[in-house]
Every structure is written in structure tokens, then in C-alpha cells.
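J.: This is the structure, below, for whatever I ask next.
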Amino acid sequence: MQATSLSFCSVVGNAADPLIAREHAEPPHPYRSAFQRDRDRVIHARAFRRLAGKTQVFTHRYSDHFRSRLTHTIEVAQIARTVANALDLNEDLAETLALVHDIGHPPFGHAGEQALDRQLQRHGLRFDHNLHALRIVTHFEQRYVDFRGLNLTLAVREGIIKHSRDYFAAQHPELAEYLLDQRPPIEAQIIDLADEIAYLTADIDDGIEAEILSLDDLCQNVPLFTEFYRRLQRSHPDAAPKLLFHEALKRMLNALVNDLIVATHRRVSAGNIHSLADVRQAKERLAVFSPNMEARRHEAKQYLYAHLYHAEDLENEHVLADTMIEGLFQYWMHHPEQLPTSHETQIAAEGAPRVIADYIAGMTDNYISEQWNRAQE
Ligand code: MG
């Protein structure tokens with residue numbers, strides 16, 4: 001595959017670029033670009049470190065070999081950098097957005113997110129991990145004497161909100177500065193697909209390791225994987241199945257990344273896109289898989305939904321996550337005086353349900369389990 005340049009529609013990120021604007025003006029750094037600084041701020045944030053203690057799909061009960069939300073995040077950043085580099089996009093921006101993309105996730109993976117959302121809905125509110133991530137980087141992180149939050153550039157804050165879904169101005173007037181009627185830059189658009197590639201391949205890997213998925217079953221149901229596995233069986237008839245599996249999975253990941261690069265380039269060329277302004281006005285997102293790869297990706301994901309994400313062993317953990325989050329949420333609704341005292345002013349301003357959700361969302365799996373055990377005493 002030829003490397004292809006889309007530099008004409010990438011985020012420039014130089015001193016004249018309005019996308020490097022920060023809420024609080026800061027002098028430029030002598031040798032780090034605005035997005036390199038943002039990347040470093042994210043890496044040094046407390047919320048980033050907590051990702052190490054949060055479930056991606058498998059809790060630590062299974063094995064320490066499995067992905068946590070932190071190692072998943074690093075895998076997404078690796079893929080996003082590769083894609084951004086191959087397309088000549090702004091690699092520092094793409095890397096920063098990948099590193100921050102899951103920072104708003106509560107403990108216990110998607111089960112935790114759904115449980116928290118269910119509690120908030122009873123009070124007419126919702127939990128949304130992108131919006132929570134924005135609250136973390138603009139408000140909860142406190143590391144600077146002159147302002148709250150990390151004071152990230154506009155491009156990074158916009159990407160946090162818009163990388164995976166569209167928000168509408170009528171429902172979110174508070175997000176007006178993030179240009180909700182426009183597409184995000186391609187650097188933000190690739191994050192969602194880099195995320196898809198990372199978790200699709202990682203969940204197959206961890207699912208096999210956990211012995212919830214079987215190699216035979218995988219070969220019968222996921223053609224995107226099987227194609228590489230069968231080819232390797234023919235070329236390496238004496239290799240151990242485990243090595244063939246790893247090699248095939250690596251090739252599947254590579255095929256997805258290649259396809260994302262080529263299909264995105266093709267869509268930009270076909271769409272008469274000549275600038276970032278064109279990207280923003282485009283009718284549809286420009287970062288895509290080809291239709292053929294999209295169909296095979298979808299097929300693989302459906303397989304994981306049917307055989308992994310709702311497997312009995314994992315569902316038992318989902319029920320436990322739901323029980324803890326509901327139990328603690330209700331407990332603090334009835335006993336807000338038991339929350340850390342720093343939350344008092346926030347409760348007056350935003351109400352107890354939102355503050356309790358923020359508090360729970362920030363917890364690691366371990367910490368919320370400790371809180372739960374203490375509440376049972
Ligand atoms: Mg993710």
C-alpha cells in the first residue's frame with residue numbers, strides 16, 4: 001500500500017490555528033507543540049492513571065494478562081498514530097485524542113456505564129462518557145494554580161465530544177463552542193474506528209485466552225479472521241495453533257488498519273475535499289472502512305455480542321456491577337453527608353444525582369468494590 005497524503009485537510013496546529021486556542025491563554029512552549037503539550041497533560045492526569053484500574057471487558061478476577069482500559073487506550077493510540085501518519089494527518093492531535101478517548105468511563109466497563117445511566121435516568125438525567133470526559137478535563141482535574149482543569153486546546157476538547165457520535169445544538173446548548181453543526185477534523189473521526197479495530201481484535205484475543213471463545217468456533221463464524229488463519233495453516237503446517245492464532249489476529253488487525261487508511265483516502269478524493277473547511281462541511285464522516293470491510297467488521301462484532309459480551313461468566317459480573325452501582329448511588333442519595341466534604345458546593349450547584357454519578361464514575365473497580373464492602377458492614 002502506498003502512503004497517501006491528506007495533509008491539505010489536516011489540522012495544522014501552528015500559532016495561527018484557532019484550534020489551538022485554550023480557555024485560558026498561555027504562552028507557547030519553547031519546543032513542544034500545542035498538541036504535544038495536550039498529550040503530556042492527559043498522560044499526567046489522575047483520571048488517566050485510574051484507567052489502569054478500570055475494566056475494559058474482563059475484570060482482574062480473570063487474569064492480569066488481559067486488557068485494562070489503560071492498555072486498551074494505548075493500543076488505540078498506537079493504531080491512531082499509524083493511521084494519522086500514513087495519511088499525513090496531525091499525528092500529535094490523533095494521539096492525544098486516542099489517549100483521552102476513554103477517560104470518562106466509569107468502573108466495570110459498559111455494564112458500569114449502563115448502570116450509572118439507569119440511575120441518572122430516574123432523576124431525568126443521563127450519563128454519557130464523552131460529556132463526562134469533558135467535565136474531567138475542564139473541571140475535575142486540578143493541577144494548575146491559574147485555572148481548573150487541564151486547559152486543553154479547542155481541537156482536543158472538540159474531539160473528546162465528537163469523535164464517536166454527533167450531538168445536537170438544540171439538546172446541548174452548553175456545547176455551542178464545539179461547532180456541533182460541523183463535522184470534526186479527520187484526526188477525531190479516525191479515533192472511533194481505531195477504537196473499533198483495537199477492541200475487536202483484543203476481545204477476540206482475551207476471549208480465547210479466557211476460554212469463553214474457542215478457536216474452532218471462531219474459524220466457523222468470523223471469516224475476517226479465518227481467511228488469515230487458514231492461509232497460515234497452509235504456509236506453516238507445523239506451527240503451534242496458538243502461534244497461528246496470534247499471527248492471524250495480527251494480520252486481521254493490519255488488514256483493518258490498511259482498509260481504514262485506503263477507504264478514508266478514497267472518500268476524501270471522491271468527495272472533492274480540499275481543506276479542513278471542506279471536511280467540516282462534508283455530508284458524511286470521511287473516516288470509514290470500505291463497504292466490504294465494514295460488512296466483515298460488523299459480522300465479527302455480532303459474533304462477539306452473541307458469544308462473548310453476554311457470556312454467562314461475564315453477565316454474572318455485569319449483575320454484580322449493577323448491584324454495586326445502584327446500591328451505592330441510592331445509599332449516597334439518602335446519605336449525601338457521607339460523601340467527601342469537597343462535594344458539598346457541587347451538590348448545591350448541580351444537585352446530588354449528578355454529583356454522585358461523577359463521584360462513582362471516577363472510581364476504579366477496586367475502589368468501588370471497597371466502598372461497596374464498607375457499606376455492607
Ligand atoms: Mg475505547
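In the C-alpha cells, the first chain shown is A, the next is B, and so on; residue numbers restart at 1 for each chain, and ligands run from 1 in the order shown.
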Counting only C-alpha atoms and all ligand atoms, which residues in chain A sit no more than 7 Å from ligand 1? For each one, give the nearest pair of atoms and the distance in Å, sorted by chain then residue number, as JSON lines.
T.:
```
{"residue": "A:His72", "atom": "CA", "partner": "ligand 1", "partner_atom_place_in_ligand_line": "1 (Mg)", "distance": 6.7}
{"residue": "A:Thr73", "atom": "CA", "partner": "ligand 1", "partner_atom_place_in_ligand_line": "1 (Mg)", "distance": 6.3}
{"residue": "A:His101", "atom": "CA", "partner": "ligand 1", "partner_atom_place_in_ligand_line": "1 (Mg)", "distance": 6.4}
{"residue": "A:Asp102", "atom": "CA", "partner": "ligand 1", "partner_atom_place_in_ligand_line": "1 (Mg)", "distance": 5.3}
{"residue": "A:Asp195", "atom": "CA", "partner": "ligand 1", "partner_atom_place_in_ligand_line": "1 (Mg)", "distance": 5.0}
```
J.: Output C-alpha atoms of each residue in that selection to a file, as a PDB file, in the first residue's frame.
T.:
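Output file result-v7.pdb is given in full below:
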```pdb
ATOM      1  CA  HIS A  72      -6.731  -0.688  25.532  1.00  0.00           C
ATOM      2  CA  THR A  73      -6.176   3.080  25.353  1.00  0.00           C
ATOM      3  CA  HIS A 101     -10.953   8.887  24.420  1.00  0.00           C
ATOM      4  CA  ASP A 102     -11.966   6.592  27.322  1.00  0.00           C
ATOM      5  CA  ASP A 195     -11.119   2.074  18.862  1.00  0.00           C
TER       6      ASP A 195
END
```
J.: Produce a table with one row for each residue of range 138-245 of chain A that has an atom at most 12 Å from any atom of range 33-38 of chain A, each row naming the nearest atom pair and its distance in Å at one decimal; use only C-alpha atoms; arrange rows by chain and rising residue number; format as a tab-separated table.
T.:
```
residue	atom	partner	partner_atom	distance
A:Gly149	CA	A:Asp38	CA	11.8
A:Leu150	CA	A:Asp38	CA	8.1
A:Asn151	CA	A:Asp38	CA	8.4
A:Leu152	CA	A:Asp38	CA	5.8
A:Thr153	CA	A:Asp38	CA	7.1
A:Leu154	CA	A:Phe35	CA	10.2
A:Ala155	CA	A:Phe35	CA	8.7
A:Val156	CA	A:Asp38	CA	7.8
A:Arg157	CA	A:Asp38	CA	10.1
A:Glu187	CA	A:Phe35	CA	11.9
```
J.: Which residue gives the smallest distance to Ile74 in chain A among A:Leu99, A:Leu6, A:Leu308, A:Val257, with only C-alpha atoms counted?
T.: A:Leu99
J.: Run DSSP on the backbone of this structure and report the residues of range 21-259 of chain A it assigns to strand (DSSP E or B), as a PyMOL selection string.
T.: chain A and resi 22+55+68+153
J.: Which of these, A:Asp322, A:Glu227, A:Glu377, A:Asp216, has the shortest distance to Pro241 in chain A once you count only C-alpha atoms?
T.: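 For Pro241 in chain A, the nearest of the candidates is A:Asp216.
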J.: Could you name the residues that touch Asp278 in chain A at 12 Å or less, counting only C-alpha atoms, but leaving out those on the same chain fewer than 2 positions away, as a PyMOL selection string?
T.: chain A and resi 8-10+182-186+268-269+271-276+280-286
J.: Write to file, as a CSV table (one decimal), in the first residue's frame, the residues of the selection just made, with N, CA and C atoms.
T.:
```csv
chain,number,residue,atom,x,y,z
A,8,PHE,N,-3.4,18.3,3.2
A,8,PHE,CA,-4.2,19.5,2.9
A,8,PHE,C,-5.5,19.7,3.7
A,9,CYS,N,-6.0,18.6,4.3
A,9,CYS,CA,-7.2,18.8,5.1
A,9,CYS,C,-6.9,18.4,6.6
A,10,SER,N,-5.6,18.3,7.0
A,10,SER,CA,-5.3,18.0,8.4
A,10,SER,C,-5.4,19.3,9.3
A,182,GLN,N,-21.0,21.1,12.6
A,182,GLN,CA,-20.0,20.7,11.6
A,182,GLN,C,-19.3,19.4,12.0
A,183,ARG,N,-18.8,18.8,11.0
A,183,ARG,CA,-18.0,17.5,11.2
A,183,ARG,C,-16.7,17.8,12.0
A,184,PRO,N,-16.3,16.9,12.8
A,184,PRO,CA,-14.9,17.1,13.4
A,184,PRO,C,-13.8,16.9,12.4
A,185,PRO,N,-12.6,17.3,12.7
A,185,PRO,CA,-11.5,17.0,11.8
A,185,PRO,C,-11.3,15.5,11.7
A,186,ILE,N,-10.6,15.1,10.6
A,186,ILE,CA,-10.4,13.7,10.3
A,186,ILE,C,-9.6,13.0,11.5
A,268,VAL,N,-12.1,10.9,0.7
A,268,VAL,CA,-11.7,12.3,0.7
A,268,VAL,C,-11.5,12.7,-0.8
A,269,SER,N,-10.8,11.9,-1.6
A,269,SER,CA,-10.6,12.2,-3.0
A,269,SER,C,-11.9,12.3,-3.8
A,271,GLY,N,-14.8,12.9,-2.6
A,271,GLY,CA,-15.7,13.9,-2.1
A,271,GLY,C,-15.3,15.3,-2.4
A,272,ASN,N,-14.3,15.5,-3.2
A,272,ASN,CA,-13.8,16.8,-3.6
A,272,ASN,C,-13.4,17.6,-2.4
A,273,ILE,N,-12.8,17.0,-1.5
A,273,ILE,CA,-12.4,17.6,-0.2
A,273,ILE,C,-11.0,18.2,-0.4
A,274,HIS,N,-10.8,19.5,-0.2
A,274,HIS,CA,-9.5,20.2,-0.4
A,274,HIS,C,-9.0,20.9,0.8
A,275,SER,N,-9.8,20.9,1.9
A,275,SER,CA,-9.3,21.7,3.0
A,275,SER,C,-10.1,21.2,4.3
A,276,LEU,N,-9.6,21.6,5.4
A,276,LEU,CA,-10.3,21.3,6.7
A,276,LEU,C,-11.7,21.9,6.7
A,280,ARG,N,-15.2,19.8,7.4
A,280,ARG,CA,-16.2,20.2,8.3
A,280,ARG,C,-17.6,20.3,7.7
A,281,GLN,N,-17.7,20.6,6.4
A,281,GLN,CA,-19.0,20.7,5.8
A,281,GLN,C,-19.4,19.5,5.1
A,282,ALA,N,-18.6,18.4,5.1
A,282,ALA,CA,-18.9,17.2,4.3
A,282,ALA,C,-20.2,16.6,4.8
A,283,LYS,N,-21.0,16.0,3.9
A,283,LYS,CA,-22.3,15.4,4.2
A,283,LYS,C,-22.2,14.3,5.2
A,284,GLU,N,-21.1,13.5,5.1
A,284,GLU,CA,-20.9,12.4,6.0
A,284,GLU,C,-19.5,12.4,6.5
A,285,ARG,N,-19.3,11.5,7.5
A,285,ARG,CA,-17.9,11.4,8.1
A,285,ARG,C,-17.0,10.8,7.0
A,286,LEU,N,-15.8,11.2,7.0
A,286,LEU,CA,-14.9,10.8,5.9
A,286,LEU,C,-14.0,9.7,6.3
```
J.: Could you state the separation of CA of Asp358 in chain A and CA of Gly104 in chain A in Å, given to one decimal place?
T.: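 Going from CA of Asp358 in chain A over to CA of Gly104 in chain A covers 9.5 Å.
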J.: Using only C-alpha atoms, find the one residue out of A:His163, A:Arg67, A:His307, A:His123 that sits nearest to Glu211 in chain A.
T.: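 Comparing A:His163, A:Arg67, A:His307, A:His123 against Glu211 in chain A, the winner is A:His307.
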J.: Using DSSP secondary structure from the backbone, list all helix (DSSP H, G or I) positions within range 40-223 of chain A, as an MDAnalysis selection string.
T.: chainID A and resid 40:43 46:53 69:86 91:100 109:121 129:140 154:162 173:178 186:209 215:221 223
J.: Calculated over only C-alpha atoms, which of the candidates A:Asn292, A:Gln171, A:Ser7, A:Gln78 has the smallest distance to Ile197 in chain A?
T.: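 Using only C-alpha atoms, Ile197 in chain A sits closest to A:Gln78.
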J.: Mind pulling up the distance from CA of Thr82 in chain A to CA of Val222 in chain A?
T.: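 Result for CA of Val222 in chain A versus CA of Thr82 in chain A: 24.9 Å, one decimal.
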J.: Quick one: of A:Gln376, A:Asn85, A:Gln56, A:Gln114, who's nearest to Tyr331 in chain A, counting only C-alpha atoms?
T.: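 Between A:Gln376, A:Asn85, A:Gln56, A:Gln114, the residue approaching Tyr331 in chain A most closely is A:Gln376.
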J.: Do you have, as a tab-separated table, the list of residues of range 68-180 of chain A lying at most 12 Å from range 362-366 of chain A, each with its nearest atom pair and that distance in Å to one decimal, counting only C-alpha atoms and ordered by chain then number?
T.:
```
residue	atom	partner	partner_atom	distance
A:Ser68	CA	A:Asp365	CA	10.6
A:Arg69	CA	A:Thr364	CA	10.4
A:Leu70	CA	A:Thr364	CA	11.6
A:Asp102	CA	A:Gly362	CA	11.8
A:Ile103	CA	A:Gly362	CA	9.1
A:Gly104	CA	A:Gly362	CA	7.8
A:His105	CA	A:Gly362	CA	7.8
A:Pro106	CA	A:Gly362	CA	6.1
A:Pro107	CA	A:Asp365	CA	5.0
A:Phe108	CA	A:Asp365	CA	6.1
A:Gly109	CA	A:Asp365	CA	9.2
A:Ala111	CA	A:Asp365	CA	11.9
A:Gly112	CA	A:Asp365	CA	9.6
A:Glu113	CA	A:Gly362	CA	11.5
A:Leu116	CA	A:Gly362	CA	11.6
A:His129	CA	A:Gly362	CA	10.9
A:His132	CA	A:Gly362	CA	9.5
A:Ala133	CA	A:Gly362	CA	10.1
A:Arg135	CA	A:Gly362	CA	11.1
A:Ile136	CA	A:Gly362	CA	9.0
A:Phe140	CA	A:Gly362	CA	9.7
A:Glu141	CA	A:Gly362	CA	11.0
```
J.: Print the selection's residues with N, CA and C atoms to a file, as a CSV table (one decimal), in the first residue's frame.
T.:
```
chain,number,residue,atom,x,y,z
A,68,SER,N,-6.7,-3.8,30.4
A,68,SER,CA,-7.4,-2.9,31.2
A,68,SER,C,-7.8,-1.7,30.3
A,69,ARG,N,-8.5,-0.8,30.8
A,69,ARG,CA,-8.9,0.3,30.0
A,69,ARG,C,-7.6,1.1,29.6
A,70,LEU,N,-6.6,1.1,30.4
A,70,LEU,CA,-5.4,1.8,30.1
A,70,LEU,C,-4.6,1.1,28.9
A,102,ASP,N,-11.2,7.4,26.4
A,102,ASP,CA,-12.0,6.6,27.3
A,102,ASP,C,-11.9,7.1,28.7
A,103,ILE,N,-11.3,8.3,28.9
A,103,ILE,CA,-11.0,8.8,30.2
A,103,ILE,C,-12.3,9.1,31.1
A,104,GLY,N,-13.5,9.2,30.4
A,104,GLY,CA,-14.7,9.4,31.1
A,104,GLY,C,-15.5,8.1,31.5
A,105,HIS,N,-14.8,7.0,31.3
A,105,HIS,CA,-15.6,5.7,31.5
A,105,HIS,C,-15.6,5.4,33.0
A,106,PRO,N,-16.8,5.0,33.5
A,106,PRO,CA,-16.9,4.5,34.9
A,106,PRO,C,-16.2,3.2,35.1
A,107,PRO,N,-16.2,2.7,36.4
A,107,PRO,CA,-15.7,1.3,36.6
A,107,PRO,C,-16.6,0.3,35.9
A,108,PHE,N,-16.0,-0.9,35.8
A,108,PHE,CA,-16.8,-2.1,35.3
A,108,PHE,C,-17.3,-1.9,33.8
A,109,GLY,N,-16.5,-1.3,33.0
A,109,GLY,CA,-16.8,-1.3,31.6
A,109,GLY,C,-18.2,-0.8,31.2
A,111,ALA,N,-21.0,-2.3,31.4
A,111,ALA,CA,-22.0,-2.6,32.4
A,111,ALA,C,-22.1,-1.5,33.4
A,112,GLY,N,-21.0,-0.9,33.8
A,112,GLY,CA,-20.9,0.2,34.7
A,112,GLY,C,-21.6,1.4,34.2
A,113,GLU,N,-21.3,1.7,32.9
A,113,GLU,CA,-21.8,2.9,32.2
A,113,GLU,C,-23.4,2.8,32.2
A,116,LEU,N,-24.9,3.3,35.7
A,116,LEU,CA,-24.9,4.7,36.1
A,116,LEU,C,-26.0,5.5,35.3
A,129,HIS,N,-20.3,9.1,28.5
A,129,HIS,CA,-18.9,9.1,28.9
A,129,HIS,C,-18.1,10.2,28.2
A,132,HIS,N,-18.8,13.3,30.2
A,132,HIS,CA,-18.1,13.2,31.5
A,132,HIS,C,-16.6,13.4,31.3
A,133,ALA,N,-16.1,12.9,30.2
A,133,ALA,CA,-14.6,13.2,29.9
A,133,ALA,C,-14.4,14.7,29.8
A,135,ARG,N,-16.0,17.0,31.3
A,135,ARG,CA,-16.0,17.6,32.7
A,135,ARG,C,-14.7,17.3,33.4
A,136,ILE,N,-14.2,16.1,33.1
A,136,ILE,CA,-12.9,15.8,33.8
A,136,ILE,C,-11.8,16.8,33.4
A,140,PHE,N,-12.6,18.7,36.7
A,140,PHE,CA,-12.2,17.9,37.9
A,140,PHE,C,-10.7,17.8,38.1
A,141,GLU,N,-10.0,17.8,37.0
A,141,GLU,CA,-8.5,17.7,37.2
A,141,GLU,C,-8.0,19.0,37.7
```
J.: Which of these, A:Val83, A:Trp372, A:Glu75, A:Asp92, has the shortest distance to Asp40 in chain A once you count only C-alpha atoms?
T.: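 The closest residue to Asp40 in chain A is A:Asp92.
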